[in-house]
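Data block below; observations after.
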Amino acid sequence: MEEESHYLVARGNESSIRECVIIKGIPGILVGVLPGDCEGEYYHRVTCSESVRLVDGAGVCSGRVEVKSNQSWASVCEADFDRQDAEVVCRELGCGAPAALQGGLYGEGEGQTWDKELQCEGKESLLLDCDTSDRKHNTCLPGNAVGLTCSEPDDVRLVRGGSRCAGGVERYDQGEWRTVGAEDWDQEDVAAVVCRQLGCGSTVSVLPGNTTRRFGVHCDGPESSLGECRRRYDLYPGLTVICSNLLVQPDISLTDSMGGVSRGPQGPEMFRGYNFTITCSTQPQHPGGSFLLTFTGSNRTQTQPAVNHSAAFLFPAADDSHQGNYRCVYDNYVFSHNFSSESEILSLTVTASPLPAFIVRHVVVLLILLTAITASYLYYKPTRRQKRVNRVSSMDLHAMEMVFLSSRAEAGPGEERAAQGTE
C-alpha cells in the first residue's frame with residue numbers, strides 16, 4: 001500500500017504556509033478532502049522562506065541560522081549577526097521575539113559559511129530587505145556558527161475584558177488581529193484551549209457574541225494552542241472567555257520604622273519588641289476587593305478592604321509567635337464570579353535584638369533631635385555673621401564721617417576756600 005502524503009492547498013492570499021489548507025491523500029487519489037479545514041497538527045509547524053531558515057533545532061522557531069547564497073544554504077558567523085538581524089529572522093519565519101542568540105548553539109553544519117555581514121535595522125519584514133557588507137573577518141572559527149531561538153508566536157489574545165485572561169478571543173491572522181468564532185457546541189472546547197495557551201488556568205465561563213463571518217476554529221479540547229485546532233470559514237458566533245487566573249498575583253512586603261528588620265538567609269528577620277507592617281498590594285486591574293493575610297501553622301487570619309489596591313497589616317512588638325510564613329490572598333467579585341489570587345510566601349524569622357528595643361528607640365529619637373539642631377545651627381550661623389558684618393560696616397562709615405567733619409572744623413575759612421578752588 002502506498003504511503004499516505006499530505007498536500008498544501010493555497011487560495012493565493014495567504015501570507016505564509018501556516019495559513020494554507022492541508023489535505024491527506026495517496027498520489028493520484030485524494031482522501032479526506034476538507035474544504036476550509038486545516039489539520040493544525042501539520043500546518044502549524046510549516047513555514048516557508050526564500051532567504052533564511054533555522055535548522056537542527058526543536059522546530060521552526062529555533063536552530064542554526066542559514067541563509068540562501070547562490071542557490072545553496074550557508075551558515076552565518078556569530079560575529080556577523082546581531083540582535084537586530086535576529087529580530088528580522090524571527091519575524092520572517094512567523095515566530096515571536098528572539099529569546100537566545102549564541103554561536104555554536106545548534107552545531108556547525110556541513111555547508112559553507114556566508115561571506116557577508118548583515119546590516120539590519122530590526123524593523124524589516126524580510127531578510128532580503130536588509131543591507132549587507134563584506135565580512136570584516138576572513139574566517140569564522142569553529143563553534144561560531146550562530147544559533148537562534150525565537151519565542152513561540154503570541155498569536156492569541158483576549159480583548160476588552162480588563163485582563164489578559166478575560167475578553168473576546170482574537171487571533172493574529174494574515175497580518176491582522178481577527179475575531180475568533182466557533183459553533184455553540186464547540187465554544188467550551190475552544191475556550192479551554194485559549195485559557196491553556198495563555199497560561200490563564202481553566203475556563204470559568206464562555207459568553208457567545210454576534211454572528212458574523214470571521215475566523216472560525218474547531219477544537220477537541222486537549223490541544224495546547226489554537227494552532228492545533230482546525231480552521232473553518234463560515235458564519236460563526238464570536239465568544240468571550242473568562243479564565244480562572246483572572247487576577248494577577250498580588251505582592252507581599254514587610255517594613256518597619258525603627259530599623260528592626262534585616263535580611264537573613266531564609267528571608268526577612270525581625271528583632272523582638274519592634275513594630276512591623278506587612279503590606280499586600282496588587283496592580284490596578286479591577287476596583288474594590290479585599291486582602292486576606294494568612295499565617296501558616298495557625299488559624300489566625302486578618303482581612304482588610306483593598307484601598308488604592310493595597311492593604312497594610314500592623315503588628316506591634318514582634319515576638320516568637322509572629323515567626324512563620326505569611327501570604328496575601330486577594331479576593332474580588334468580577335464578571336458575576338468570585339476570583340482570588342495568592343502572593344508568594346513571606347517567611348519571617350524573629351530574633352533577639354542586640355540592644356533592648358526601648359534603648360534603640362531613644363537613640364533614634366536623639367539622632368533625630370541632633371539632626372534638627374545641627375540643621376538649625378547651620379541655617380542661622382550665616383545669618384548672624386551677616387548681621388555682624390553689616391553692623392561693623394555701619395560703624396566704620398559713621399567713624400569716617402566724624403573724622404571728615406572734624407578735619408573740616410579744624411581748617412580755617414581760607415584753607416577751605418583754597419581747597420574748593422583746587423577742586
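Residues are referred to by chain and number: the chain letter is A, B, ... according to the order shown in the C-alpha cells, the number counts from 1 in that chain, and ligands are numbered separately from 1 in the order shown.
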
**Message:** Quick one: residues within 7 Å of Leu254 (chain A), only C-alpha atoms, excluding same-chain residues fewer than 6 positions away - as an MDAnalysis selection string?
**Reply:** chainID A and resid 277:279

Write the residues of the selection above to a file with all heavy atoms, as a CSV table (one decimal), in the first residue's frame.
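For reference, out-v2.csv as written:
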```
chain,number,residue,atom,x,y,z
A,277,THR,N,5.1,46.0,59.8
A,277,THR,CA,3.9,46.1,58.9
A,277,THR,C,4.1,45.2,57.7
A,277,THR,O,5.1,45.2,57.1
A,277,THR,CB,3.7,47.6,58.5
A,277,THR,OG1,3.5,48.4,59.6
A,277,THR,CG2,2.4,47.6,57.6
A,278,ILE,N,3.1,44.4,57.5
A,278,ILE,CA,3.0,43.6,56.2
A,278,ILE,C,2.0,44.2,55.3
A,278,ILE,O,0.9,44.4,55.7
A,278,ILE,CB,2.7,42.1,56.5
A,278,ILE,CG1,3.8,41.5,57.4
A,278,ILE,CG2,2.4,41.4,55.2
A,278,ILE,CD1,3.5,40.0,57.7
A,279,THR,N,2.5,44.6,54.1
A,279,THR,CA,1.6,45.2,53.1
A,279,THR,C,1.3,44.3,52.0
A,279,THR,O,2.2,43.7,51.4
A,279,THR,CB,2.3,46.5,52.6
A,279,THR,OG1,2.6,47.4,53.6
A,279,THR,CG2,1.4,47.2,51.6
```

Output as a tab-separated table one row per residue of region 141-190 of chain A within 6 Å of region 76-94 of chain A: the closest atom pair and its distance in Å to one decimal place, counting only C-alpha atoms, sorted by chain and residue number ascending.
```
residue	atom	partner	partner_atom	distance
A:Asn144	CA	A:Glu78	CA	5.4
A:Ala145	CA	A:Cys77	CA	4.7
A:Val146	CA	A:Glu78	CA	4.6
A:Cys150	CA	A:Cys90	CA	5.9
```

**Request:** Do a neighbour search on Glu176 (chain A) at 12 Å with only C-alpha atoms, toss out local chain neighbours closer than 4 positions, and write the hits as a list in words.
**Result:** Ser15, Asp155, Val156, Glu170, Arg171, Tyr172 and Phe215 of chain A

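Contact shell of Val329 (chain A) at 6 Å (only C-alpha atoms; same-chain neighbours under 2 positions omitted): Phe291, Leu292, Ser341 and Glu342 of chain A.
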
Excluding same-chain residues fewer than 3 positions from Leu198 (chain A), what lies within 8 Å of it counting only C-alpha atoms, as a short mmCIF file (atom, residue, chain, number, x, y, z; two decimals) with all heavy atoms, in the first residue's frame?
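Produced file out39.cif, reproduced below:
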```
data_model
loop_
_atom_site.label_atom_id
_atom_site.label_comp_id
_atom_site.auth_asym_id
_atom_site.auth_seq_id
_atom_site.Cartn_x
_atom_site.Cartn_y
_atom_site.Cartn_z
N VAL A 156 -2.59 34.71 19.94
CA VAL A 156 -3.94 34.67 20.51
C VAL A 156 -4.00 35.67 21.66
O VAL A 156 -3.04 35.81 22.43
CB VAL A 156 -4.29 33.26 21.02
CG1 VAL A 156 -5.65 33.27 21.72
CG2 VAL A 156 -4.33 32.27 19.87
N ARG A 157 -5.11 36.38 21.78
CA ARG A 157 -5.28 37.32 22.87
C ARG A 157 -6.75 37.45 23.23
O ARG A 157 -7.63 37.10 22.43
CB ARG A 157 -4.71 38.68 22.50
CG ARG A 157 -5.49 39.41 21.41
CD ARG A 157 -4.86 40.75 21.06
NE ARG A 157 -5.64 41.50 20.06
CZ ARG A 157 -5.29 42.67 19.57
NH1 ARG A 157 -4.16 43.24 19.97
NH2 ARG A 157 -6.06 43.29 18.68
N CYS A 165 -6.53 37.65 30.83
CA CYS A 165 -7.19 36.35 30.97
C CYS A 165 -8.70 36.46 30.86
O CYS A 165 -9.44 35.57 31.33
CB CYS A 165 -6.80 35.70 32.30
SG CYS A 165 -5.05 35.23 32.40
N VAL A 194 -7.90 28.15 24.66
CA VAL A 194 -7.43 29.53 24.76
C VAL A 194 -6.84 29.79 26.15
O VAL A 194 -5.75 30.35 26.29
CB VAL A 194 -8.56 30.51 24.45
CG1 VAL A 194 -8.16 31.93 24.80
CG2 VAL A 194 -8.95 30.43 22.98
N CYS A 195 -7.56 29.40 27.20
CA CYS A 195 -7.06 29.62 28.57
C CYS A 195 -5.76 28.87 28.79
O CYS A 195 -4.83 29.38 29.43
CB CYS A 195 -8.11 29.17 29.59
SG CYS A 195 -9.59 30.20 29.66
#
```
